[in-house]
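Student: Got data27.txt for you, compact mmCIF, C-alpha atoms and all ligand atoms:
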```txt
# COMPACT_ATOMS: atom_id res chain seq x y z
CA MET A 648 8.31 19.36 -23.11
CA GLU A 649 5.04 19.60 -24.98
CA TYR A 650 2.33 21.90 -23.60
CA VAL A 651 -1.42 21.51 -23.34
CA LYS A 652 -3.99 24.10 -22.30
CA THR A 653 -6.50 23.53 -19.56
CA ARG A 654 -9.77 25.17 -18.55
CA THR A 655 -9.77 24.02 -14.94
CA ILE A 656 -7.12 22.76 -12.53
CA MET A 657 -8.68 21.95 -9.18
CA THR A 658 -11.51 19.47 -8.85
CA LYS A 659 -13.42 18.85 -5.66
CA SER A 660 -12.64 15.45 -4.21
CA ASP A 661 -15.45 13.22 -3.03
CA GLN A 662 -13.12 10.63 -1.51
CA GLY A 663 -11.35 12.67 1.17
CA ASN A 664 -12.36 10.37 4.00
CA HIS A 665 -11.07 7.40 2.08
CA TRP A 666 -7.88 8.93 0.75
CA PHE A 667 -5.80 11.07 3.12
CA GLY A 668 -8.50 13.64 3.84
CA ILE A 669 -7.94 15.54 0.61
CA ASP A 670 -10.45 18.18 -0.45
CA TYR A 671 -9.25 19.03 -3.97
CA HIS A 672 -7.31 17.19 -6.70
CA MET A 673 -4.86 18.82 -9.03
CA ASN A 674 -2.53 17.62 -11.81
CA LEU A 675 -0.17 20.17 -13.33
CA TYR A 676 1.34 17.66 -15.73
CA ARG A 677 -0.03 14.90 -17.92
CA GLY A 678 1.99 11.69 -18.19
CA CYS A 679 5.06 10.62 -16.25
CA SER A 680 8.47 9.35 -17.28
CA PHE A 681 9.41 7.35 -14.18
CA GLY A 682 8.37 4.16 -15.96
CA CYS A 683 6.78 2.20 -13.07
CA ILE A 684 5.54 -1.02 -14.61
CA TYR A 685 2.41 -1.07 -12.43
CA CYS A 686 1.34 2.57 -12.89
CA ASP A 687 -2.45 2.87 -12.68
CA SER A 688 -2.40 6.29 -14.39
CA ARG A 689 -1.80 4.48 -17.69
CA SER A 690 -5.46 3.46 -17.63
CA GLU A 691 -7.50 4.53 -20.65
CA ALA A 692 -9.94 6.02 -18.11
CA TYR A 693 -7.62 9.05 -17.89
CA HIS A 694 -7.32 9.59 -21.67
CA ILE A 695 -3.57 10.28 -21.60
CA LYS A 696 -1.88 9.45 -24.90
CA ASN A 697 1.84 8.49 -24.84
CA PHE A 698 1.85 8.32 -21.07
CA ASP A 699 5.67 8.25 -20.82
CA GLU A 700 5.96 11.70 -22.42
CA ILE A 701 5.29 14.54 -20.02
CA LYS A 702 3.08 17.42 -21.06
CA GLY A 703 2.83 20.57 -18.99
CA LYS A 704 -0.42 22.48 -18.57
CA VAL A 705 0.83 25.81 -19.86
CA ASN A 706 -1.81 28.05 -18.24
CA ALA A 707 -2.10 25.95 -15.07
CA LEU A 708 -0.81 28.54 -12.60
CA GLU A 709 -2.94 31.35 -13.98
CA ILE A 710 -6.10 29.21 -13.69
CA LEU A 711 -5.02 27.91 -10.28
CA GLU A 712 -4.72 31.43 -8.90
CA GLU A 713 -8.24 32.28 -10.12
CA GLU A 714 -9.59 29.11 -8.53
CA LEU A 715 -7.78 29.47 -5.21
CA SER A 716 -8.83 33.08 -4.84
CA SER A 717 -12.50 32.23 -5.41
CA LYS A 718 -12.80 29.28 -2.99
CA HIS A 719 -13.96 29.94 0.57
CA PHE A 720 -13.12 26.50 1.92
CA LYS A 721 -9.35 26.38 2.33
CA GLY A 722 -9.01 22.62 2.24
CA VAL A 723 -6.17 20.27 1.40
CA VAL A 724 -5.10 20.25 -2.26
CA SER A 725 -3.67 16.98 -3.54
CA PHE A 726 -0.75 16.91 -6.00
CA GLY A 727 0.31 13.85 -7.88
CA THR A 728 -2.60 11.51 -8.25
CA LEU A 729 -2.05 11.00 -12.00
CA SER A 730 1.55 12.12 -12.51
CA ASP A 731 4.47 12.59 -10.15
CA PRO A 732 4.57 16.35 -9.37
CA TYR A 733 8.38 16.09 -9.13
CA ASN A 734 8.85 14.39 -12.51
CA VAL A 735 11.98 15.12 -14.55
CA MET A 736 10.48 18.26 -16.12
CA GLU A 737 9.73 19.95 -12.80
CA GLU A 738 13.34 20.86 -12.11
CA LYS A 739 13.32 23.17 -15.12
CA TYR A 740 9.67 24.27 -15.43
CA GLU A 741 8.74 24.62 -11.74
CA PHE A 742 4.98 24.22 -12.17
CA THR A 743 4.78 22.41 -8.82
CA ARG A 744 6.87 25.07 -7.09
CA GLY A 745 4.70 27.78 -8.63
CA ALA A 746 1.54 26.05 -7.41
CA LEU A 747 2.96 25.70 -3.89
CA LYS A 748 3.67 29.44 -3.81
CA LEU A 749 0.02 30.11 -4.66
CA ILE A 750 -1.22 27.57 -2.11
CA GLU A 751 0.87 29.30 0.53
CA LYS A 752 -0.37 32.74 -0.55
CA TYR A 753 -4.04 31.73 -0.31
CA GLY A 754 -3.70 29.64 2.87
CA PHE A 755 -4.67 26.17 1.57
CA GLY A 756 -3.28 22.85 2.79
CA VAL A 757 -1.37 20.35 0.70
CA SER A 758 -1.03 16.62 0.16
CA ILE A 759 1.80 15.38 -2.06
CA ASP A 760 2.64 11.90 -3.39
CA THR A 761 6.09 11.54 -4.89
CA LYS A 762 9.00 9.22 -5.54
CA SER A 763 11.51 12.02 -6.10
CA ASP A 764 13.99 13.81 -3.85
CA LEU A 765 13.31 17.03 -5.78
CA ILE A 766 10.62 17.68 -3.19
CA LEU A 767 13.43 18.75 -0.83
CA ARG A 768 13.99 21.80 -3.06
CA ASP A 769 10.59 23.06 -1.87
CA LEU A 770 11.14 22.63 1.87
CA ASP A 771 10.89 26.41 2.34
CA LEU A 772 7.38 26.48 0.88
CA LEU A 773 6.22 23.31 2.61
CA SER A 774 7.35 24.76 5.94
CA ALA A 775 5.54 28.03 5.23
CA ILE A 776 2.30 26.21 4.27
CA ASN A 777 2.68 24.02 7.35
CA LYS A 778 2.41 27.10 9.58
CA LYS A 779 -1.01 27.98 8.20
CA ASN A 780 -2.70 24.74 7.23
CA ASN A 781 -2.30 20.96 7.01
CA VAL A 782 0.54 19.33 5.10
CA ILE A 783 0.93 15.60 4.47
CA ILE A 784 3.68 14.09 2.33
CA LYS A 785 3.62 10.51 1.14
CA ILE A 786 6.88 9.12 -0.21
CA SER A 787 6.04 6.19 -2.43
CA ILE A 788 8.22 3.10 -1.86
CA ILE A 789 7.13 -0.49 -2.51
CA THR A 790 10.29 -2.45 -1.70
CA THR A 791 13.54 -2.00 0.23
CA ASP A 792 15.36 -4.08 -2.41
CA ALA A 793 17.26 -1.64 -4.65
CA THR A 794 17.75 -4.11 -7.51
CA LEU A 795 14.10 -5.05 -7.57
CA ALA A 796 13.06 -1.39 -7.39
CA LYS A 797 15.25 -0.60 -10.42
CA THR A 798 13.44 -3.33 -12.36
CA LEU A 799 9.97 -2.20 -11.35
CA GLU A 800 10.53 1.57 -11.35
CA PRO A 801 13.43 2.06 -13.79
CA HIS A 802 13.77 5.84 -13.64
CA VAL A 803 13.17 6.43 -9.95
CA ILE A 804 15.82 7.06 -7.27
CA SER A 805 16.69 4.12 -5.00
CA PRO A 806 14.49 3.12 -2.03
CA GLU A 807 17.30 4.17 0.34
CA LYS A 808 17.36 7.69 -1.13
CA ARG A 809 13.58 7.87 -0.81
CA PHE A 810 13.76 6.82 2.84
CA GLN A 811 16.32 9.58 3.37
CA VAL A 812 13.79 12.05 1.93
CA VAL A 813 11.35 10.93 4.62
CA LYS A 814 14.04 11.57 7.21
CA ARG A 815 14.81 15.09 5.97
CA LEU A 816 11.14 16.07 5.82
CA LYS A 817 10.55 14.72 9.29
CA GLU A 818 13.56 16.65 10.62
CA LYS A 819 12.05 19.83 9.20
CA GLY A 820 8.79 19.22 11.02
CA ILE A 821 6.76 18.13 8.00
CA TYR A 822 4.16 15.39 8.50
CA VAL A 823 5.45 12.54 6.36
CA GLY A 824 4.97 8.83 5.82
CA VAL A 825 5.44 6.02 3.33
CA LEU A 826 2.96 4.93 0.70
CA MET A 827 3.55 1.23 0.15
CA THR A 828 1.21 0.81 -2.71
CA PRO A 829 0.80 -1.21 -4.81
CA VAL A 830 1.88 -4.56 -3.42
CA LEU A 831 2.60 -6.78 -6.43
CA PRO A 832 1.49 -10.42 -6.14
CA PHE A 833 4.41 -12.88 -6.34
CA VAL A 834 6.90 -9.98 -6.59
CA THR A 835 6.76 -7.80 -3.47
CA ASP A 836 4.11 -9.65 -1.44
CA ASN A 837 6.41 -11.45 0.94
CA GLU A 838 6.90 -11.24 4.69
CA GLU A 839 10.52 -10.22 4.41
CA ASN A 840 9.69 -7.18 2.29
CA ILE A 841 6.78 -6.13 4.49
CA LYS A 842 8.87 -6.38 7.64
CA SER A 843 11.86 -4.54 6.22
CA MET A 844 9.67 -1.75 4.78
CA ILE A 845 8.04 -1.14 8.15
CA LYS A 846 11.32 -1.32 10.06
CA LYS A 847 12.97 1.13 7.67
CA ALA A 848 9.99 3.51 7.75
CA HIS A 849 10.25 3.52 11.55
CA GLU A 850 14.03 4.11 11.50
CA VAL A 851 13.72 7.24 9.34
CA GLY A 852 10.92 8.70 11.45
CA ALA A 853 7.87 8.13 9.23
CA ARG A 854 4.63 8.82 11.09
CA PHE A 855 2.71 6.27 9.03
CA ILE A 856 2.98 3.61 6.37
CA TYR A 857 -0.06 2.89 4.27
CA THR A 858 -0.86 -0.03 1.98
CA LYS A 859 -3.86 -1.57 0.28
CA MET A 860 -1.99 -4.90 0.10
CA GLY A 861 -2.72 -5.44 -3.57
CA MET A 862 -2.96 -3.67 -6.91
CA THR A 863 -5.52 -2.48 -9.40
CA LEU A 864 -5.28 -3.86 -12.91
CA ARG A 865 -7.63 -1.96 -15.16
CA ARG A 866 -7.57 -3.00 -18.80
CA THR A 867 -4.79 -0.88 -20.34
CA VAL A 868 -2.75 -1.05 -17.17
CA ALA A 869 -3.09 -4.85 -17.09
CA GLU A 870 -1.97 -5.22 -20.73
CA TYR A 871 1.15 -3.14 -20.07
CA TYR A 872 1.87 -4.87 -16.76
CA TYR A 873 1.44 -8.42 -18.10
CA GLU A 874 3.75 -7.57 -21.00
CA LYS A 875 6.42 -6.41 -18.54
CA ILE A 876 5.89 -9.50 -16.35
CA ASP A 877 6.32 -11.68 -19.46
CA GLN A 878 9.66 -9.99 -20.16
CA LEU A 879 10.95 -9.79 -16.59
CA TYR A 880 9.47 -12.87 -14.95
CA PRO A 881 8.34 -15.28 -17.67
CA GLU A 882 7.84 -17.98 -15.03
CA LEU A 883 5.10 -15.86 -13.40
CA SER A 884 3.21 -15.12 -16.56
CA ARG A 885 0.88 -18.15 -16.43
CA ASP A 886 -0.04 -17.61 -12.77
CA TYR A 887 -0.83 -13.95 -13.32
CA ARG A 888 -3.11 -14.52 -16.26
CA GLY A 889 -4.70 -17.62 -14.74
CA ILE A 890 -5.48 -16.01 -11.39
CA TYR A 891 -6.03 -12.33 -12.14
CA GLU A 892 -6.95 -11.91 -15.80
CA LYS A 893 -10.67 -11.48 -15.16
CA SER A 894 -10.27 -9.22 -12.15
CA LEU A 895 -9.69 -5.49 -11.74
CA ILE A 896 -8.02 -6.05 -8.38
CA ALA A 897 -5.03 -8.34 -7.92
CA ASN A 898 -4.59 -9.14 -4.25
CA PRO A 899 -1.84 -11.47 -2.99
CA LEU A 900 -3.00 -15.04 -2.43
CA ARG A 901 -2.10 -14.65 1.28
CA TYR A 902 -3.84 -11.27 1.48
CA LYS A 903 -5.38 -11.77 4.94
CA ASP A 904 -2.22 -13.15 6.57
CA LEU A 905 -0.03 -10.45 5.07
CA LEU A 906 -2.40 -7.70 6.11
CA GLU A 907 -2.44 -9.06 9.64
CA LEU A 908 1.34 -9.18 9.68
CA PHE A 909 1.47 -5.62 8.33
CA VAL A 910 -0.82 -4.28 11.06
CA ASN A 911 1.02 -6.18 13.82
CA GLU A 912 4.41 -4.90 12.67
CA CYS A 913 3.10 -1.33 12.46
CA ASN A 914 1.71 -1.62 15.98
CA GLN A 915 5.04 -2.91 17.22
CA TYR A 916 6.84 0.15 15.81
CA GLN A 917 3.97 2.53 16.65
CA LEU A 918 3.49 3.49 13.03
CA LEU A 919 0.00 4.50 11.96
CA CYS A 920 -1.46 2.40 9.15
CA ASP A 921 -5.20 3.01 9.31
CA MET A 922 -6.51 5.68 6.93
CA GLY A 923 -8.93 7.19 9.44
CA GLU A 924 -6.22 7.47 12.11
CA ILE A 925 -3.71 9.00 9.69
CA ILE A 926 -6.22 11.67 8.63
CA LYS A 927 -7.15 12.49 12.23
CA ASP A 928 -3.49 12.64 13.22
CA TYR A 929 -2.14 14.93 10.51
CA LYS A 930 -5.12 17.25 10.57
CA ARG A 931 -4.68 17.95 14.25
CA VAL A 932 -0.98 18.79 13.99
CA VAL A 933 -1.57 22.33 12.71
CA PRO A 934 -4.78 24.17 13.65
CA LYS A 935 -6.66 24.57 10.40
CA MET A 936 -7.24 28.06 9.12
CA ASN A 937 -10.89 27.13 8.50
CA GLU A 938 -11.32 26.25 12.17
CA GLN A 939 -9.61 29.43 13.32
CA ILE A 940 -11.88 31.50 11.12
CA SER A 941 -15.00 29.82 12.51
CA LEU A 942 -14.09 31.03 16.04
CA PHE A 943 -14.84 34.63 15.08
S1 LIG B 1 5.84 7.81 -10.45
FE1 LIG B 1 3.66 7.50 -10.17
S2 LIG B 1 2.71 8.46 -11.96
FE2 LIG B 1 4.88 8.17 -12.43
S3 LIG B 1 5.01 6.23 -13.52
FE3 LIG B 1 5.39 5.82 -11.33
S4 LIG B 1 3.37 5.30 -10.47
FE4 LIG B 1 3.02 6.31 -12.45
```
Using structure tokens, write down the structure from this file.
Tutor:
Amino acid sequence: MEYVKTRTIMTKSDQGNHWFGIDYHMNLYRGCSFGCIYCDSRSEAYHIKNFDEIKGKVNALEILEEELSSKHFKGVVSFGTLSDPYNVMEEKYEFTRGALKLIEKYGFGVSIDTKSDLILRDLDLLSAINKKNNVIIKISIITTDATLAKTLEPHVISPEKRFQVVKRLKEKGIYVGVLMTPVLPFVTDNEENIKSMIKKAHEVGARFIYTKMGMTLRRTVAEYYYEKIDQLYPELSRDYRGIYEKSLIANPLRYKDLLELFVNECNQYQLLCDMGEIIKDYKRVVPKMNEQISLF
């Protein structure tokens, strides 16, 4: 693994109310090798060269400790917005595990997005953090179809294994749900997939399933994605370019109907799917250290 140096690790989030109530962002790695054909982190906006090669931020933990020890507001720190924190390098280098130890030591909360079962290695730390502050885990799954998932996310474990990760986390008392994003027009935007995703999420004990029922296609991401669509689904190529080429957002043609179906199915299984409700729900599970402190 190649290393890069960093001057800062945590950045204050201004979108907490819109995205899982997070207070700080953090990326310990640059790039990701899971190969998802729709990955938004490939965008040139993030200035990551050779995205498929992972680089570790060599001084990340040292800087993180300085930052955590100097912040009074012990909010929720988000891992994995630009790179999966349990990518293939994490097993050996343990940057994510090291950061979780520091988060536990300084009493912060944590929000993790991942597609990997390596997160189960860190159950001890997640449970310890959970006693002091808020924890929310989002396991990212976009289809229940294993063959399709292998095509779209070539180096990721199967959907079934990911659902089993949800089950294990839930059994250990960790607040966990499914991130069903993106939804790919003409590929995963069908009723059958939406229904089976929600049913499966319910069966394994997810507290929520969240989707935006569409995808973002910023320039570099779009070029990469259209190239993959050309290779994998040549018959879709003309529709994609004709309908979405000029847009940054690619929503399914039946967006409204599918969203309605999604909400109805979630209601039927009593799964949360509204961002505001998810935030309220997970933040009340454990009394926040900040609230406890304000009592004195
Ligand atoms: S796991 Fe996440 S960061 Fe990695 S390639 Fe897939 S979408 Fe991108």
Student: What's around Met862 in chain A at 9 Å? Count all atoms listed in the file, leave out sequence neighbours fewer than 2 positions away in its own chain, and write the answer as a PyMOL selection string.
Tutor: chain A and resi 685+687+828-832+859-860+864+895-899
Student: For the selection you just gave me, I'd like the residues written to a file as a PDB file, in the coordinates of the input, keeping C-alpha atoms.
Tutor:
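Everything below was put into result-v8.pdb:
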```pdb
ATOM      1  CA  TYR A 685       2.410  -1.070 -12.430  1.00  0.00           C
ATOM      2  CA  ASP A 687      -2.450   2.870 -12.680  1.00  0.00           C
ATOM      3  CA  THR A 828       1.210   0.810  -2.710  1.00  0.00           C
ATOM      4  CA  PRO A 829       0.800  -1.210  -4.810  1.00  0.00           C
ATOM      5  CA  VAL A 830       1.880  -4.560  -3.420  1.00  0.00           C
ATOM      6  CA  LEU A 831       2.600  -6.780  -6.430  1.00  0.00           C
ATOM      7  CA  PRO A 832       1.490 -10.420  -6.140  1.00  0.00           C
ATOM      8  CA  LYS A 859      -3.860  -1.570   0.280  1.00  0.00           C
ATOM      9  CA  MET A 860      -1.990  -4.900   0.100  1.00  0.00           C
ATOM     10  CA  LEU A 864      -5.280  -3.860 -12.910  1.00  0.00           C
ATOM     11  CA  LEU A 895      -9.690  -5.490 -11.740  1.00  0.00           C
ATOM     12  CA  ILE A 896      -8.020  -6.050  -8.380  1.00  0.00           C
ATOM     13  CA  ALA A 897      -5.030  -8.340  -7.920  1.00  0.00           C
ATOM     14  CA  ASN A 898      -4.590  -9.140  -4.250  1.00  0.00           C
ATOM     15  CA  PRO A 899      -1.840 -11.470  -2.990  1.00  0.00           C
TER      16      PRO A 899
END
```
Student: Take CA of Ile876 in chain A and CA of Leu799 in chain A and report the distance between them in Å, one decimal.
Tutor: 9.7 Å
Student: I need the residue nearest ligand LIG 1 (chain B) from this list: A:Leu772, A:Leu919, A:Ile786, A:Leu747. Use only C-alpha atoms and all ligand atoms for the distance.
Tutor: A:Ile786
Student: Check every protein, DNA and RNA residue against ligand LIG 1 (chain B), keep those with an atom at most 7 Å away (counting only C-alpha atoms and all ligand atoms), and present them as a list in words.
Tutor: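 Every residue with an atom at most 7 Å from ligand LIG 1 (chain B) is listed here: Cys679, Ser680, Phe681, Gly682, Cys683, Tyr685, Cys686, Asp687, Ser688, Leu729, Ser730, Asp731, Thr761, Lys762 and Glu800 of chain A.
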Student: Can you write just those residues out, C-alpha atoms, as a PDB file, in the coordinates of the input?
Tutor:
```pdb
ATOM      1  CA  CYS A 679       5.060  10.620 -16.250  1.00  0.00           C
ATOM      2  CA  SER A 680       8.470   9.350 -17.280  1.00  0.00           C
ATOM      3  CA  PHE A 681       9.410   7.350 -14.180  1.00  0.00           C
ATOM      4  CA  GLY A 682       8.370   4.160 -15.960  1.00  0.00           C
ATOM      5  CA  CYS A 683       6.780   2.200 -13.070  1.00  0.00           C
ATOM      6  CA  TYR A 685       2.410  -1.070 -12.430  1.00  0.00           C
ATOM      7  CA  CYS A 686       1.340   2.570 -12.890  1.00  0.00           C
ATOM      8  CA  ASP A 687      -2.450   2.870 -12.680  1.00  0.00           C
ATOM      9  CA  SER A 688      -2.400   6.290 -14.390  1.00  0.00           C
ATOM     10  CA  LEU A 729      -2.050  11.000 -12.000  1.00  0.00           C
ATOM     11  CA  SER A 730       1.550  12.120 -12.510  1.00  0.00           C
ATOM     12  CA  ASP A 731       4.470  12.590 -10.150  1.00  0.00           C
ATOM     13  CA  THR A 761       6.090  11.540  -4.890  1.00  0.00           C
ATOM     14  CA  LYS A 762       9.000   9.220  -5.540  1.00  0.00           C
ATOM     15  CA  GLU A 800      10.530   1.570 -11.350  1.00  0.00           C
TER      16      GLU A 800
END
```
Student: For Phe720 in chain A, which of A:Lys927, A:Leu883, A:Asn780, A:Arg768 is the closest residue, counting only C-alpha atoms?
Tutor: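 Answer, going by the shortest atom-to-atom distance: A:Asn780.
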Student: Could you please determine the separation between CA of Ile845 in chain A and CA of Tyr880 in chain A in Å, to one decimal place?
Tutor: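 Value for the CA of Ile845 in chain A-CA of Tyr880 in chain A distance: 25.9 Å.
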Student: Would you mind telling me which residue in A:Ala796, A:Met922, A:Val812, A:Leu905 lies nearest to Leu770 in chain A when using only C-alpha atoms?
Tutor: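 Once distances to Leu770 in chain A are computed over only C-alpha atoms, the minimum belongs to A:Val812.
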Student: For Leu711 in chain A, which residue out of A:Ile789, A:Met827, A:Ile684, A:Leu749 is the nearest one, using only C-alpha atoms?
Tutor: A:Leu749
Student: List the spatial neighbours of Glu907 in chain A as number ranges by chain - criterion: any atom at most 12 Å away, only C-alpha atoms, same-chain residues fewer than 4 positions off excluded.
Tutor: A: 838, 841-842, 858, 860, 901-903, 911-914, 920
Student: Looking at all atoms listed in the file, which of A:Tyr857, A:Lys893, A:Ser660, A:Ser774 is the one that sits closest to Asp921 in chain A?
Tutor: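 So, comparing all the options, the nearest one is A:Tyr857.
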Student: Between A:Tyr871, A:Tyr693, A:Phe855, A:Tyr650, single out the one closest to Phe909 in chain A, counting only C-alpha atoms.
Tutor: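 Closest to Phe909 in chain A of all the choices is A:Phe855.
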Student: For Lys704 in chain A, please output as an MDAnalysis selection string all residues within 8 Å (counting only C-alpha atoms; exclusion window: fewer than 6 positions along the same chain).
Tutor: chainID A and resid 650:653 675:677
Student: Quick one: residues within 8 Å of Ser758 in chain A, only C-alpha atoms, excluding same-chain residues fewer than 4 positions away - as a list in words?
Tutor: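 Counting only the stated atoms, we get Phe667, Ile669, Val723, Val724, Ser725, Phe726, Val782, Ile783, Ile784 and Lys785 of chain A.
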Student: Between CA of Val813 in chain A and CA of Arg744 in chain A, measure the distance and give it in Å to one decimal.
Tutor: 18.9 Å
Student: Mind checking which residues fall within 7 Å of Arg866 in chain A, counting all atoms listed in the file, ignoring those fewer than 3 positions away in the same chain, and posting them as number ranges by chain?
Tutor: A: 690, 869-870
Student: Could the residues in this selection be saved with C-alpha atoms as a PDB file, keeping the file's coordinate frame?
Tutor:
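Listing of again.pdb after writing:
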```
ATOM      1  CA  SER A 690      -5.460   3.460 -17.630  1.00  0.00           C
ATOM      2  CA  ALA A 869      -3.090  -4.850 -17.090  1.00  0.00           C
ATOM      3  CA  GLU A 870      -1.970  -5.220 -20.730  1.00  0.00           C
TER       4      GLU A 870
END
```
